[in-house]
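Asks: Data file data_22.cif (mmCIF, C-alpha atoms and all ligand atoms) is appended below.
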data_run
loop_
_atom_site.label_atom_id
_atom_site.label_comp_id
_atom_site.auth_asym_id
_atom_site.auth_seq_id
_atom_site.Cartn_x
_atom_site.Cartn_y
_atom_site.Cartn_z
CA MET A 1 -23.21 4.48 -13.80
CA SER A 2 -24.73 2.90 -10.74
CA GLU A 3 -22.19 1.44 -8.33
CA ILE A 4 -24.68 0.23 -5.75
CA THR A 5 -28.14 -1.00 -6.72
CA LEU A 6 -30.83 -2.19 -4.36
CA ARG A 7 -33.79 -3.78 -6.07
CA ASN A 8 -37.03 -4.46 -4.30
CA ILE A 9 -35.31 -5.06 -0.96
CA THR A 10 -37.53 -6.14 1.88
CA LYS A 11 -36.36 -6.86 5.38
CA SER A 12 -38.44 -8.29 8.19
CA TYR A 13 -37.40 -8.87 11.76
CA GLY A 14 -39.96 -11.44 12.87
CA SER A 15 -43.31 -9.81 12.32
CA HIS A 16 -41.76 -6.32 12.03
CA LEU A 17 -41.30 -5.13 8.47
CA ALA A 18 -38.32 -2.75 8.69
CA LEU A 19 -38.04 -2.27 4.90
CA PRO A 20 -41.32 -2.79 3.01
CA SER A 21 -39.73 -2.49 -0.48
CA LEU A 22 -36.64 -0.43 -1.20
CA ASP A 23 -35.26 0.51 -4.61
CA LEU A 24 -32.11 2.61 -4.72
CA ASP A 25 -29.44 3.41 -7.30
CA ILE A 26 -26.23 5.00 -6.07
CA PRO A 27 -24.03 6.49 -8.81
CA LYS A 28 -20.33 5.67 -8.88
CA GLY A 29 -18.24 8.17 -6.96
CA SER A 30 -21.20 9.92 -5.35
CA PHE A 31 -21.73 10.82 -1.70
CA VAL A 32 -25.21 9.66 -0.78
CA THR A 33 -26.74 10.23 2.63
CA LEU A 34 -29.58 8.24 4.13
CA LEU A 35 -31.43 10.63 6.41
CA GLY A 36 -34.44 10.05 8.61
CA PRO A 37 -35.69 9.73 12.18
CA SER A 38 -34.66 6.99 14.57
CA GLY A 39 -35.96 3.58 13.53
CA CYS A 40 -36.67 4.49 9.89
CA GLY A 41 -34.37 1.76 8.54
CA LYS A 42 -31.12 3.59 7.76
CA THR A 43 -28.79 1.16 9.54
CA THR A 44 -30.74 -1.80 8.22
CA THR A 45 -30.28 -0.54 4.64
CA LEU A 46 -26.55 -0.04 5.18
CA ARG A 47 -26.15 -3.48 6.76
CA VAL A 48 -27.96 -5.04 3.82
CA ILE A 49 -25.51 -3.34 1.42
CA ALA A 50 -22.55 -4.50 3.55
CA GLY A 51 -23.87 -8.05 3.83
CA LEU A 52 -23.93 -7.88 7.63
CA GLU A 53 -27.65 -8.44 7.31
CA GLN A 54 -29.34 -10.62 4.74
CA ALA A 55 -32.39 -9.02 3.18
CA THR A 56 -35.59 -11.06 3.27
CA THR A 57 -36.12 -10.63 -0.47
CA GLY A 58 -34.63 -8.63 -3.31
CA GLU A 59 -31.29 -8.05 -4.95
CA VAL A 60 -28.07 -6.16 -4.12
CA VAL A 61 -25.65 -5.36 -6.95
CA LEU A 62 -22.23 -3.81 -6.22
CA GLY A 63 -20.08 -2.61 -9.12
CA GLY A 64 -22.12 -4.67 -11.58
CA LYS A 65 -21.80 -7.85 -9.53
CA THR A 66 -24.78 -9.41 -7.78
CA VAL A 67 -23.81 -9.94 -4.15
CA TYR A 68 -27.25 -10.93 -2.94
CA SER A 69 -30.28 -12.32 -4.69
CA SER A 70 -33.19 -13.97 -2.95
CA ARG A 71 -34.18 -15.42 -6.33
CA THR A 72 -30.92 -17.24 -7.11
CA GLY A 73 -29.71 -17.69 -3.54
CA VAL A 74 -26.44 -15.77 -4.12
CA PHE A 75 -24.96 -14.27 -0.95
CA VAL A 76 -21.43 -12.85 -0.96
CA PRO A 77 -20.15 -12.36 2.63
CA PRO A 78 -19.17 -8.86 3.78
CA GLU A 79 -15.40 -9.42 3.69
CA ARG A 80 -15.61 -10.30 -0.01
CA ARG A 81 -17.69 -7.28 -1.03
CA GLY A 82 -14.66 -4.95 -1.22
CA LEU A 83 -16.05 -2.25 0.99
CA GLY A 84 -14.95 -0.27 4.00
CA PHE A 85 -17.43 0.48 6.75
CA ILE A 86 -17.95 2.14 10.07
CA PHE A 87 -21.01 1.12 11.99
CA GLN A 88 -22.83 2.74 14.88
CA SER A 89 -20.97 0.58 17.35
CA TYR A 90 -17.53 1.31 15.93
CA ALA A 91 -16.32 -2.21 16.65
CA LEU A 92 -12.61 -1.82 17.00
CA TRP A 93 -10.74 -5.01 17.90
CA PRO A 94 -10.37 -4.62 21.69
CA ASN A 95 -7.27 -6.85 21.84
CA MET A 96 -5.37 -4.81 19.23
CA LYS A 97 -3.71 -1.45 19.65
CA VAL A 98 -4.77 1.52 17.55
CA ASP A 99 -2.03 1.01 14.92
CA ARG A 100 -2.97 -2.63 14.34
CA ASN A 101 -6.69 -1.79 14.23
CA ILE A 102 -6.00 0.72 11.47
CA THR A 103 -3.62 -1.38 9.38
CA LEU A 104 -5.09 -4.87 9.81
CA ALA A 105 -6.84 -4.96 6.44
CA LEU A 106 -3.72 -3.64 4.71
CA SER A 107 -1.43 -6.24 6.23
CA GLU A 108 -3.94 -8.96 5.38
CA ALA A 109 -3.80 -7.67 1.81
CA LYS A 110 0.00 -8.20 1.99
CA GLN A 111 0.89 -4.54 1.61
CA PRO A 112 4.57 -3.83 2.37
CA VAL A 113 5.50 -2.46 5.79
CA HIS A 114 6.46 0.99 4.50
CA VAL A 115 2.98 1.41 2.98
CA LEU A 116 1.41 0.40 6.29
CA LYS A 117 3.52 2.98 8.12
CA GLU A 118 2.76 5.76 5.66
CA ARG A 119 -0.97 5.11 5.64
CA LEU A 120 -1.07 4.82 9.43
CA ALA A 121 0.70 8.15 9.94
CA GLU A 122 -1.45 9.89 7.33
CA ALA A 123 -4.70 8.48 8.71
CA LEU A 124 -3.86 9.31 12.33
CA ALA A 125 -2.96 12.87 11.37
CA LYS A 126 -6.22 13.32 9.48
CA VAL A 127 -8.29 12.34 12.50
CA GLN A 128 -6.03 14.25 14.91
CA LEU A 129 -4.86 11.20 16.85
CA THR A 130 -1.13 11.30 16.12
CA GLY A 131 0.70 9.88 19.13
CA LEU A 132 -2.04 7.46 20.19
CA ALA A 133 -1.04 4.54 17.95
CA ASP A 134 0.16 2.55 20.93
CA ARG A 135 -3.05 2.55 22.95
CA TYR A 136 -5.74 -0.09 23.24
CA PRO A 137 -9.31 0.98 22.38
CA SER A 138 -10.27 0.69 26.07
CA GLU A 139 -7.71 3.42 26.79
CA LEU A 140 -9.49 5.89 24.49
CA SER A 141 -12.59 8.03 24.88
CA GLY A 142 -15.70 7.21 22.84
CA GLY A 143 -14.97 10.02 20.39
CA GLN A 144 -11.36 8.91 19.97
CA GLN A 145 -12.48 5.34 19.28
CA GLN A 146 -14.83 6.67 16.66
CA ARG A 147 -11.97 8.56 15.03
CA VAL A 148 -9.84 5.40 14.98
CA ALA A 149 -12.65 3.77 13.00
CA VAL A 150 -12.57 6.71 10.57
CA ALA A 151 -8.77 6.40 10.35
CA ARG A 152 -9.12 2.73 9.45
CA LEU A 153 -11.41 3.73 6.62
CA ILE A 154 -8.97 6.40 5.44
CA ALA A 155 -6.07 3.92 5.48
CA ALA A 156 -7.86 1.12 3.62
CA ARG A 157 -8.93 3.21 0.59
CA ASN A 158 -11.82 1.01 -0.52
CA SER A 159 -13.87 2.04 -3.53
CA ILE A 160 -17.13 1.81 -1.56
CA LEU A 161 -17.41 3.35 1.89
CA LEU A 162 -20.35 2.81 4.22
CA MET A 163 -20.61 5.00 7.30
CA ASP A 164 -23.26 4.81 9.96
CA GLU A 165 -23.28 7.96 12.11
CA PRO A 166 -19.48 8.03 12.28
CA LEU A 167 -19.37 11.41 14.04
CA SER A 168 -22.12 10.93 16.60
CA ASN A 169 -19.78 10.75 19.63
CA LEU A 170 -17.76 13.85 18.83
CA ASP A 171 -18.11 17.28 20.36
CA ALA A 172 -19.49 20.06 18.17
CA LYS A 173 -16.14 21.54 17.13
CA LEU A 174 -14.49 18.24 16.27
CA ARG A 175 -17.62 17.15 14.48
CA THR A 176 -17.45 20.16 12.18
CA GLU A 177 -13.76 19.55 11.51
CA MET A 178 -14.26 15.86 10.81
CA ARG A 179 -17.15 16.67 8.50
CA THR A 180 -14.78 18.76 6.39
CA GLU A 181 -12.16 16.00 6.58
CA LEU A 182 -14.60 13.32 5.43
CA LYS A 183 -15.75 15.49 2.56
CA ARG A 184 -12.13 16.04 1.55
CA LEU A 185 -11.49 12.30 1.88
CA HIS A 186 -14.37 11.62 -0.44
CA ARG A 187 -13.04 14.07 -3.00
CA GLU A 188 -9.56 12.55 -2.83
CA LEU A 189 -10.57 8.88 -2.91
CA GLU A 190 -13.54 9.32 -5.25
CA ALA A 191 -15.06 6.41 -3.34
CA THR A 192 -18.77 5.79 -3.63
CA THR A 193 -19.96 6.70 -0.16
CA VAL A 194 -23.18 5.86 1.64
CA TYR A 195 -23.47 7.88 4.80
CA VAL A 196 -26.13 7.48 7.47
CA THR A 197 -27.13 10.26 9.80
CA HIS A 198 -30.14 11.82 11.42
CA ASP A 199 -28.27 15.12 11.51
CA GLN A 200 -29.64 17.25 8.71
CA VAL A 201 -26.69 19.63 8.78
CA GLU A 202 -24.34 16.74 8.03
CA ALA A 203 -26.64 15.61 5.25
CA LEU A 204 -26.94 19.07 3.68
CA THR A 205 -23.25 19.92 3.92
CA MET A 206 -21.72 16.67 2.72
CA SER A 207 -24.02 14.98 0.22
CA ASP A 208 -24.41 14.89 -3.53
CA ILE A 209 -27.73 13.12 -2.99
CA ILE A 210 -29.89 12.92 0.12
CA VAL A 211 -32.33 10.05 0.53
CA VAL A 212 -34.98 10.89 3.11
CA MET A 213 -36.58 7.84 4.71
CA LYS A 214 -39.55 7.25 6.99
CA ASP A 215 -40.81 3.88 8.21
CA GLY A 216 -38.50 2.08 5.77
CA ILE A 217 -39.92 3.97 2.80
CA ILE A 218 -38.03 6.52 0.71
CA GLN A 219 -39.89 9.84 0.87
CA GLN A 220 -37.65 11.73 -1.52
CA GLN A 221 -34.20 11.55 -3.05
CA GLY A 222 -32.46 14.50 -4.58
CA SER A 223 -29.71 17.06 -4.22
CA PRO A 224 -29.53 19.00 -0.95
CA TYR A 225 -30.92 21.98 -2.88
CA GLU A 226 -33.96 20.05 -4.12
CA ILE A 227 -34.64 18.48 -0.74
CA TYR A 228 -34.45 21.85 1.01
CA HIS A 229 -36.23 23.99 -1.57
CA ASN A 230 -38.67 21.54 -3.15
CA PRO A 231 -39.60 19.02 -0.46
CA ALA A 232 -41.84 16.32 -1.91
CA ASN A 233 -44.17 16.22 1.06
CA LEU A 234 -44.84 17.67 4.49
CA PHE A 235 -42.67 15.08 6.21
CA VAL A 236 -39.57 16.10 4.24
CA ALA A 237 -40.41 19.80 4.59
CA GLU A 238 -40.60 19.52 8.38
CA PHE A 239 -37.66 17.17 8.77
CA ILE A 240 -35.20 19.43 6.94
CA GLY A 241 -34.47 22.93 8.13
CA ASP A 242 -33.62 24.38 11.51
CA PRO A 243 -35.54 26.34 12.74
CA ARG A 244 -38.42 24.35 11.30
CA ILE A 245 -40.43 25.48 8.31
CA ASN A 246 -43.63 27.39 9.20
CA LEU A 247 -46.83 25.56 8.30
CA LEU A 248 -50.15 27.40 8.19
CA ASP A 249 -53.68 26.71 7.02
CA GLY A 250 -54.77 28.72 4.02
CA ILE A 251 -57.37 28.66 1.29
CA LEU A 252 -56.38 28.83 -2.35
CA ARG A 253 -58.65 31.08 -4.39
CA THR A 254 -58.69 32.42 -7.89
CA SER A 255 -59.39 36.16 -7.81
CA VAL A 256 -59.44 38.82 -10.48
CA GLY A 257 -55.74 39.58 -10.07
CA GLY A 258 -54.69 35.92 -10.16
CA ARG A 259 -54.27 33.04 -7.74
CA VAL A 260 -54.11 34.00 -4.06
CA VAL A 261 -54.01 32.21 -0.76
CA SER A 262 -56.26 33.57 1.95
CA PHE A 263 -54.73 33.52 5.38
CA GLU A 264 -56.61 35.12 8.28
CA GLY A 265 -58.48 37.39 5.93
CA THR A 266 -55.49 38.57 3.90
CA ASP A 267 -55.17 37.51 0.25
CA ILE A 268 -51.51 36.75 -0.38
CA PRO A 269 -50.22 36.36 -3.96
CA THR A 270 -49.00 32.87 -4.89
CA PRO A 271 -46.12 31.80 -7.13
CA ALA A 272 -46.87 31.71 -10.85
CA GLY A 273 -48.10 28.44 -12.32
CA LEU A 274 -49.35 26.89 -9.08
CA HIS A 275 -51.31 23.71 -9.78
CA GLY A 276 -53.98 22.31 -7.47
CA ALA A 277 -57.66 23.09 -7.07
CA ASP A 278 -59.01 26.05 -5.13
CA GLY A 279 -59.73 25.11 -1.52
CA PRO A 280 -57.95 24.47 1.79
CA VAL A 281 -54.18 23.90 1.63
CA THR A 282 -51.19 23.91 3.94
CA LEU A 283 -48.95 26.83 3.12
CA ALA A 284 -45.30 26.65 4.09
CA ILE A 285 -42.55 29.20 4.35
CA ARG A 286 -39.03 28.84 5.71
CA PRO A 287 -38.11 31.21 8.57
CA GLU A 288 -35.37 32.94 6.55
CA ASN A 289 -37.84 33.82 3.80
CA ILE A 290 -40.22 35.81 5.96
CA ALA A 291 -39.83 39.52 5.44
CA ILE A 292 -40.18 41.68 8.55
CA VAL A 293 -41.31 45.21 7.69
CA ASP A 294 -42.04 48.28 9.77
CA ARG A 295 -45.10 49.50 7.94
CA GLN A 296 -48.30 47.92 6.81
CA GLY A 297 -48.63 46.95 3.13
CA PRO A 298 -51.42 45.29 1.11
CA PHE A 299 -50.20 41.74 1.85
CA SER A 300 -48.66 42.21 5.26
CA LEU A 301 -49.81 40.62 8.49
CA PRO A 302 -49.54 42.29 11.90
CA ALA A 303 -47.01 40.54 14.12
CA GLU A 304 -45.96 40.75 17.72
CA VAL A 305 -42.40 39.90 18.68
CA ASP A 306 -42.36 37.24 21.37
CA ILE A 307 -38.80 35.92 21.81
CA VAL A 308 -35.54 37.07 20.19
CA GLN A 309 -32.68 34.52 20.13
CA PRO A 310 -29.36 35.57 18.60
CA THR A 311 -27.21 32.57 17.58
CA GLY A 312 -24.20 34.54 16.34
CA SER A 313 -24.49 35.18 12.63
CA GLN A 314 -28.28 34.88 12.73
CA THR A 315 -31.19 35.66 15.03
CA ILE A 316 -34.27 33.47 15.52
CA ILE A 317 -37.39 35.53 16.12
CA SER A 318 -40.55 33.96 17.52
CA LEU A 319 -43.60 35.91 16.46
CA SER A 320 -47.26 35.81 17.24
CA VAL A 321 -49.29 36.54 14.12
CA MET A 322 -53.04 36.70 14.66
CA GLY A 323 -52.85 33.86 17.15
CA HIS A 324 -50.36 31.78 15.13
CA ARG A 325 -46.81 31.09 16.24
CA ILE A 326 -44.42 31.92 13.43
CA THR A 327 -40.64 31.71 13.39
CA ALA A 328 -38.52 34.11 11.37
CA LEU A 329 -34.76 34.12 10.92
CA ILE A 330 -32.71 37.20 10.15
CA PRO A 331 -29.07 37.13 8.99
CA ARG A 332 -27.60 39.32 11.73
CA PHE A 333 -27.07 39.52 15.47
CA GLU A 334 -30.06 41.12 17.16
CA THR A 335 -30.76 41.20 20.88
CA SER A 336 -34.10 42.94 20.90
CA LEU A 337 -36.75 44.19 18.52
CA PRO A 338 -39.75 46.48 19.12
CA ARG A 339 -42.50 44.26 20.46
CA LYS A 340 -45.27 45.88 18.43
CA ASN A 341 -45.83 47.84 15.24
CA ILE A 342 -44.16 45.37 12.95
CA TRP A 343 -45.59 43.39 10.08
CA ILE A 344 -44.49 40.34 8.19
CA GLU A 345 -44.81 39.47 4.54
CA PHE A 346 -44.65 36.19 2.68
CA PRO A 347 -42.94 36.73 -0.70
CA ALA A 348 -44.93 34.82 -3.35
CA ASP A 349 -41.95 32.96 -4.78
CA GLN A 350 -40.97 31.67 -1.32
CA LEU A 351 -44.29 29.97 -0.59
CA THR A 352 -44.74 26.23 -0.93
CA PHE A 353 -48.14 24.53 -0.82
CA PHE A 354 -49.11 21.07 0.31
CA ASP A 355 -52.27 19.15 -0.42
CA LYS A 356 -54.43 18.72 2.68
CA GLY A 357 -55.28 15.12 1.88
CA SER A 358 -52.09 13.55 0.52
CA ALA A 359 -49.58 15.93 2.23
CA SER A 360 -47.74 16.06 -1.13
CA ARG A 361 -46.32 19.30 -2.44
CA ILE A 362 -48.54 21.03 -4.98
CA PRO A 363 -46.25 21.48 -7.99
CA LEU A 364 -45.66 24.56 -10.08
CA ALA A 365 -46.01 24.57 -13.85
CA GLN A 366 -42.82 25.47 -15.71
CA VAL A 367 -42.93 29.23 -16.19
CA ALA A 368 -40.47 31.85 -17.27
CA PRO A 369 -38.09 32.68 -14.42
CA GLY A 370 -39.16 35.67 -12.38
CA ALA A 371 -42.82 35.54 -13.47
CA SER A 372 -45.26 35.80 -10.58
CA HIS A 373 -48.94 36.22 -9.90
CA ALA A 374 -48.26 39.18 -7.67
CA ALA A 375 -51.11 41.62 -8.10
N1 LIG A 401 -32.11 -7.09 15.02
C1 LIG A 401 -33.32 -6.53 15.04
N2 LIG A 401 -34.40 -7.21 15.52
C2 LIG A 401 -35.62 -6.67 15.50
N3 LIG A 401 -35.91 -5.44 15.05
C3 LIG A 401 -34.88 -4.71 14.58
C4 LIG A 401 -33.53 -5.21 14.54
N4 LIG A 401 -32.75 -4.27 14.02
C5 LIG A 401 -33.56 -3.23 13.74
N5 LIG A 401 -34.83 -3.49 14.07
C6 LIG A 401 -35.98 -2.60 13.87
O1 LIG A 401 -36.02 -2.20 12.51
C7 LIG A 401 -36.34 -0.82 12.40
C8 LIG A 401 -35.23 -0.10 11.65
O2 LIG A 401 -34.07 -0.10 12.45
P1 LIG A 401 -32.74 0.62 12.04
O3 LIG A 401 -31.68 0.22 13.01
O4 LIG A 401 -32.47 0.37 10.60
O5 LIG A 401 -33.13 2.16 12.25
P2 LIG A 401 -32.26 3.49 12.05
O6 LIG A 401 -32.94 4.29 11.00
O7 LIG A 401 -30.84 3.13 11.84
O8 LIG A 401 -32.45 4.22 13.45
P3 LIG A 401 -31.39 5.04 14.39
O9 LIG A 401 -31.35 6.43 13.84
O10 LIG A 401 -32.04 5.01 15.74
O11 LIG A 401 -30.08 4.33 14.36
C9 LIG A 401 -36.57 -0.31 13.81
O12 LIG A 401 -37.95 -0.32 14.07
C10 LIG A 401 -35.85 -1.34 14.67
O13 LIG A 401 -36.45 -1.44 15.93
MG MG A 402 -29.14 3.37 12.95
#
Taking this structure as input, can you express it in the form of structure tokens?
Ligand SMILES: Nc1ncnc2c1ncn2[C@@H]1O[C@H](COP(=O)(O)OP(=O)(O)OP(=O)(O)O)[C@@H](O)[C@H]1O
Ligand SMILES: [Mg+2]

Replies:
Amino acid sequence: MSEITLRNITKSYGSHLALPSLDLDIPKGSFVTLLGPSGCGKTTTLRVIAGLEQATTGEVVLGGKTVYSSRTGVFVPPERRGLGFIFQSYALWPNMKVDRNITLALSEAKQPVHVLKERLAEALAKVQLTGLADRYPSELSGGQQQRVAVARLIAARNSILLMDEPLSNLDAKLRTEMRTELKRLHRELEATTVYVTHDQVEALTMSDIIVVMKDGIIQQQGSPYEIYHNPANLFVAEFIGDPRINLLDGILRTSVGGRVVSFEGTDIPTPAGLHGADGPVTLAIRPENIAIVDRQGPFSLPAEVDIVQPTGSQTIISLSVMGHRITALIPRFETSLPRKNIWIEFPADQLTFFDKGSASRIPLAQVAPGASHAA
């Protein structure tokens, strides 16, 4: 069942159309992430759901209740929408200490004092701020203020949570810990969560559904697996994945052995059931799917190792392949590799193709698992 529905939402700021027409259904209890580059309309979408921003046209339905309709003129203010939110500017009350900031909504809801105390202690512990209840926001660092905002959300236990980059001011270690904590919070509260980030790792690790946006338009929505493995277009393919996906120009051909893609004179087998006409295409392969081999095979390409960058559990390898820069990723710590006498291969089932004109992914027909056009 859909807990949050946006229908045909448009939002203009003067002559600037931030959301040209947005339709979105968010299932009850799900963790949905809006992901996209700066200025793509993530915050605007969240503010429209919260009621902090009135859409220009369209409809917002929360838990089956219309809270905004440009047609009927309904507009329910944010405080009556029953949601908890953290926005980019974390907006703590500057004149209230941490404890009061966290428990304000609870005391307004006439919860007994012992509940306030319990929730405060629990929330502070979860964000690792025990002992700071007595400080004013101005006496905290940016990251600590952000965690107070998260604690407030934990304490309030709303059924819909909206979070706009709630971890952006934290250092890398704390960010990873808080990510785990927020995911656990979501599992415990079963609250429908809309999370905004431009950090793809956060999106991939936390979400049930990722919605990728660009210029106010949804490019794709799907599970992290779908977004990563079957990007709908070149924009999504390039936006997700670090190091970035490799994109190369190739020509699709049908040869005696089956469908191949010609790249710099080598005919590389393609996955079974590839649609699309013969002709120029963009071929894409993720760095971790490139095979590095030490002898030449029928589909291998000669490569020269340029830069080797170990990151700990993995190593990023920058290669030069017949004048093209290609990035490979291997799952081990490597400090150097022989510069020459290596080859790379593109396994057929790891190749994705994009139409040159529309930039959309060229789909595969449904085929039996494991089947391939490999010659
Ligand atoms: N109050 C405003 N007045 C005018 N334009 C605005 C206003 N708020 C947002 N915009 C514009 O609307 C577009 C979407 O902004 P929004 O804040 O939703 O982006 P975002 O995806 O959250 O970006 P970021 O990742 O930088 O936070 C941007 O082009 C922005 O400049
Ligand atoms: Mg924003």

Asks: Need to verify the contact set: Pro77 in chain A, 9 Å, only C-alpha atoms, exclusion of same-chain residues closer than 4 positions in sequence. Can you return it as a VMD selection string?

Replies: chain A and resid 50 to 52 67 81

Asks: One decimal, in Å: what's the spacing between CA of Phe353 in chain A and CA of Val211 in chain A?

Replies: 21.5 Å

Asks: Contacts of Asp242 in chain A at 9 Å or less, counting all atoms listed in the file, minus same-chain residues fewer than 4 places along, as a list in words?

Replies: Gln200, Val201 and Pro287 of chain A

Asks: Could you build a table of the residues in chain A lying no more than 6 Å from ligand LIG 401 (chain A), giving for each the nearest pair of atoms and their separation in Å rounded to one decimal place, using only C-alpha atoms and all ligand atoms, ordered by chain and ascending residue number, as JSON lines?

Replies:
{"residue": "A:Tyr13", "atom": "CA", "partner": "A:LIG401", "partner_atom": "C2", "distance": 4.7}
{"residue": "A:Ala18", "atom": "CA", "partner": "A:LIG401", "partner_atom": "O1", "distance": 4.5}
{"residue": "A:Pro37", "atom": "CA", "partner": "A:LIG401", "partner_atom": "O9", "distance": 5.7}
{"residue": "A:Ser38", "atom": "CA", "partner": "A:LIG401", "partner_atom": "O9", "distance": 3.4}
{"residue": "A:Gly39", "atom": "CA", "partner": "A:LIG401", "partner_atom": "O5", "distance": 3.4}
{"residue": "A:Cys40", "atom": "CA", "partner": "A:LIG401", "partner_atom": "O6", "distance": 3.9}
{"residue": "A:Gly41", "atom": "CA", "partner": "A:LIG401", "partner_atom": "O4", "distance": 3.1}
{"residue": "A:Lys42", "atom": "CA", "partner": "A:LIG401", "partner_atom": "O6", "distance": 3.8}
{"residue": "A:Thr43", "atom": "CA", "partner": "A:LIG401", "partner_atom": "O7", "distance": 3.7}
{"residue": "A:Thr44", "atom": "CA", "partner": "A:LIG401", "partner_atom": "O4", "distance": 3.7}

Asks: Residues within 12 Å of ligand MG 402 (chain A) (only C-alpha atoms and all ligand atoms), as an MDAnalysis selection string?

Replies: chainID A and resid 18 34:47 86:89 163:166 168 195:199 213 216

Asks: Work out how far CA of Glu345 in chain A is from CA of Thr266 in chain A, in Å to one decimal.

Replies: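 Going from CA of Thr266 in chain A over to CA of Glu345 in chain A, I get 10.7 Å.
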
Asks: Just checking: using only C-alpha atoms, which residue out of A:Ala55, A:Val194, A:Leu252, A:Val260 ends up closest to Leu17 in chain A?

Replies: A:Ala55

Asks: Can you tell me which residues surround Leu182 in chain A at a distance of at most 9 Å, considering all atoms listed in the file, apart from same-chain residues fewer than 5 positions away, and format the answer as a ChimeraX atom specification?

Replies: /A:150,154,177,187,206

Asks: How would the residues just chosen look if you wrote them out with C-alpha atoms as a compact mmCIF listing (two decimals), in the frame of the given file?

Replies:
# COMPACT_ATOMS: atom_id res chain seq x y z
CA VAL A 150 -12.57 6.71 10.57
CA ILE A 154 -8.97 6.40 5.44
CA GLU A 177 -13.76 19.55 11.51
CA ARG A 187 -13.04 14.07 -3.00
CA MET A 206 -21.72 16.67 2.72

Asks: For a quick check of understanding, using all atoms listed in the file, which of A:Leu124, A:Pro224, A:Arg119, A:Gln144 has the smallest distance to Leu92 in chain A?

Replies: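 Smallest distance to Leu92 in chain A is found for A:Gln144.
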
Asks: Pick the closest to Glu118 in chain A from A:Asp25, A:Asp99, A:Glu226, A:Asp249: which is it, counting only C-alpha atoms?

Replies: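 Among A:Asp25, A:Asp99, A:Glu226, A:Asp249, it is A:Asp99 that comes nearest to Glu118 in chain A.
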
Asks: Go ahead and compute the interatomic distance for CA of Ala303 in chain A and CA of Lys340 in chain A, in Å to one decimal.

Replies: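 Straight-line distance from CA of Ala303 in chain A to CA of Lys340 in chain A works out to 7.1 Å.
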
Asks: Find the spatial neighbours of Pro94 in chain A, counting all atoms listed in the file, within a cut-off of 10 Å - ignore same-chain residues fewer than 6 positions away - and output them as a PyMOL selection string.

Replies: chain A and resi 101+136-139

Asks: Fewer than 3 positions away in the same chain doesn't count, so skip those; otherwise give me all residues within 8 Å of Ser300 in chain A, counting only C-alpha atoms, as a list in words.

Replies: Thr266, Gln296, Gly297, Trp343, Ile344, Glu345 and Phe346 of chain A

Asks: Nearest to Pro280 in chain A: which of A:Ala359, A:Val308, A:Asn233, A:Pro347 is it, counting all atoms listed in the file?

Replies: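 The answer is A:Ala359, which sits nearest to Pro280 in chain A.
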
Asks: Around the point (-26.2, 6.5, -4.6) (coordinates from the file), which residues reach within 9 Å if we count all atoms listed in the file? Answer as a PyMOL selection string.

Replies: chain A and resi 2-5+24-33+192-194+208-211

Asks: With all atoms listed in the file as the atoms that count, which of A:Gln220, A:Tyr225, A:Ala328, A:Val305 lies nearest to Ser360 in chain A?

Replies: A:Gln220

Asks: I'd like to know which of A:Arg184, A:Arg157, A:Arg286, A:Lys126 is closest to Pro231 in chain A, using all atoms listed in the file.

Replies: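 Of the candidates, the smallest distance to Pro231 in chain A is held by A:Arg286.
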
Asks: Step by step: start from the point (-39.3, 23.8, 3.3) in the file's coordinates, keep every protein, DNA or RNA residue that has an atom no farther than 8 Å from it, count all atoms listed in the file, and write the set as a PyMOL selection string.

Replies: chain A and resi 228-231+236-238+240-241+245+284-286+352

Asks: Those selected residues, please, written with C-alpha atoms and delivered as an mmCIF file, in the coordinates of the input.

Replies:
data_model
loop_
_atom_site.group_PDB
_atom_site.id
_atom_site.type_symbol
_atom_site.label_atom_id
_atom_site.label_comp_id
_atom_site.auth_asym_id
_atom_site.auth_seq_id
_atom_site.Cartn_x
_atom_site.Cartn_y
_atom_site.Cartn_z
ATOM 1 C CA TYR A 228 -34.450 21.850 1.010
ATOM 2 C CA HIS A 229 -36.230 23.990 -1.570
ATOM 3 C CA ASN A 230 -38.670 21.540 -3.150
ATOM 4 C CA PRO A 231 -39.600 19.020 -0.460
ATOM 5 C CA VAL A 236 -39.570 16.100 4.240
ATOM 6 C CA ALA A 237 -40.410 19.800 4.590
ATOM 7 C CA GLU A 238 -40.600 19.520 8.380
ATOM 8 C CA ILE A 240 -35.200 19.430 6.940
ATOM 9 C CA GLY A 241 -34.470 22.930 8.130
ATOM 10 C CA ILE A 245 -40.430 25.480 8.310
ATOM 11 C CA ALA A 284 -45.300 26.650 4.090
ATOM 12 C CA ILE A 285 -42.550 29.200 4.350
ATOM 13 C CA ARG A 286 -39.030 28.840 5.710
ATOM 14 C CA THR A 352 -44.740 26.230 -0.930
#

Asks: Set up a box along x, y and z of the file covering all listed atoms of range 57-72 of chain A, add 8 Å on every one of the six sides, and write the centre and edge lengths in Å to one decimal, as AutoDock Vina command-line options.

Replies:
--center_x -28.1 --center_y -9.9 --center_z -6.0 --size_x 32.0 --size_y 30.6 --size_z 27.1
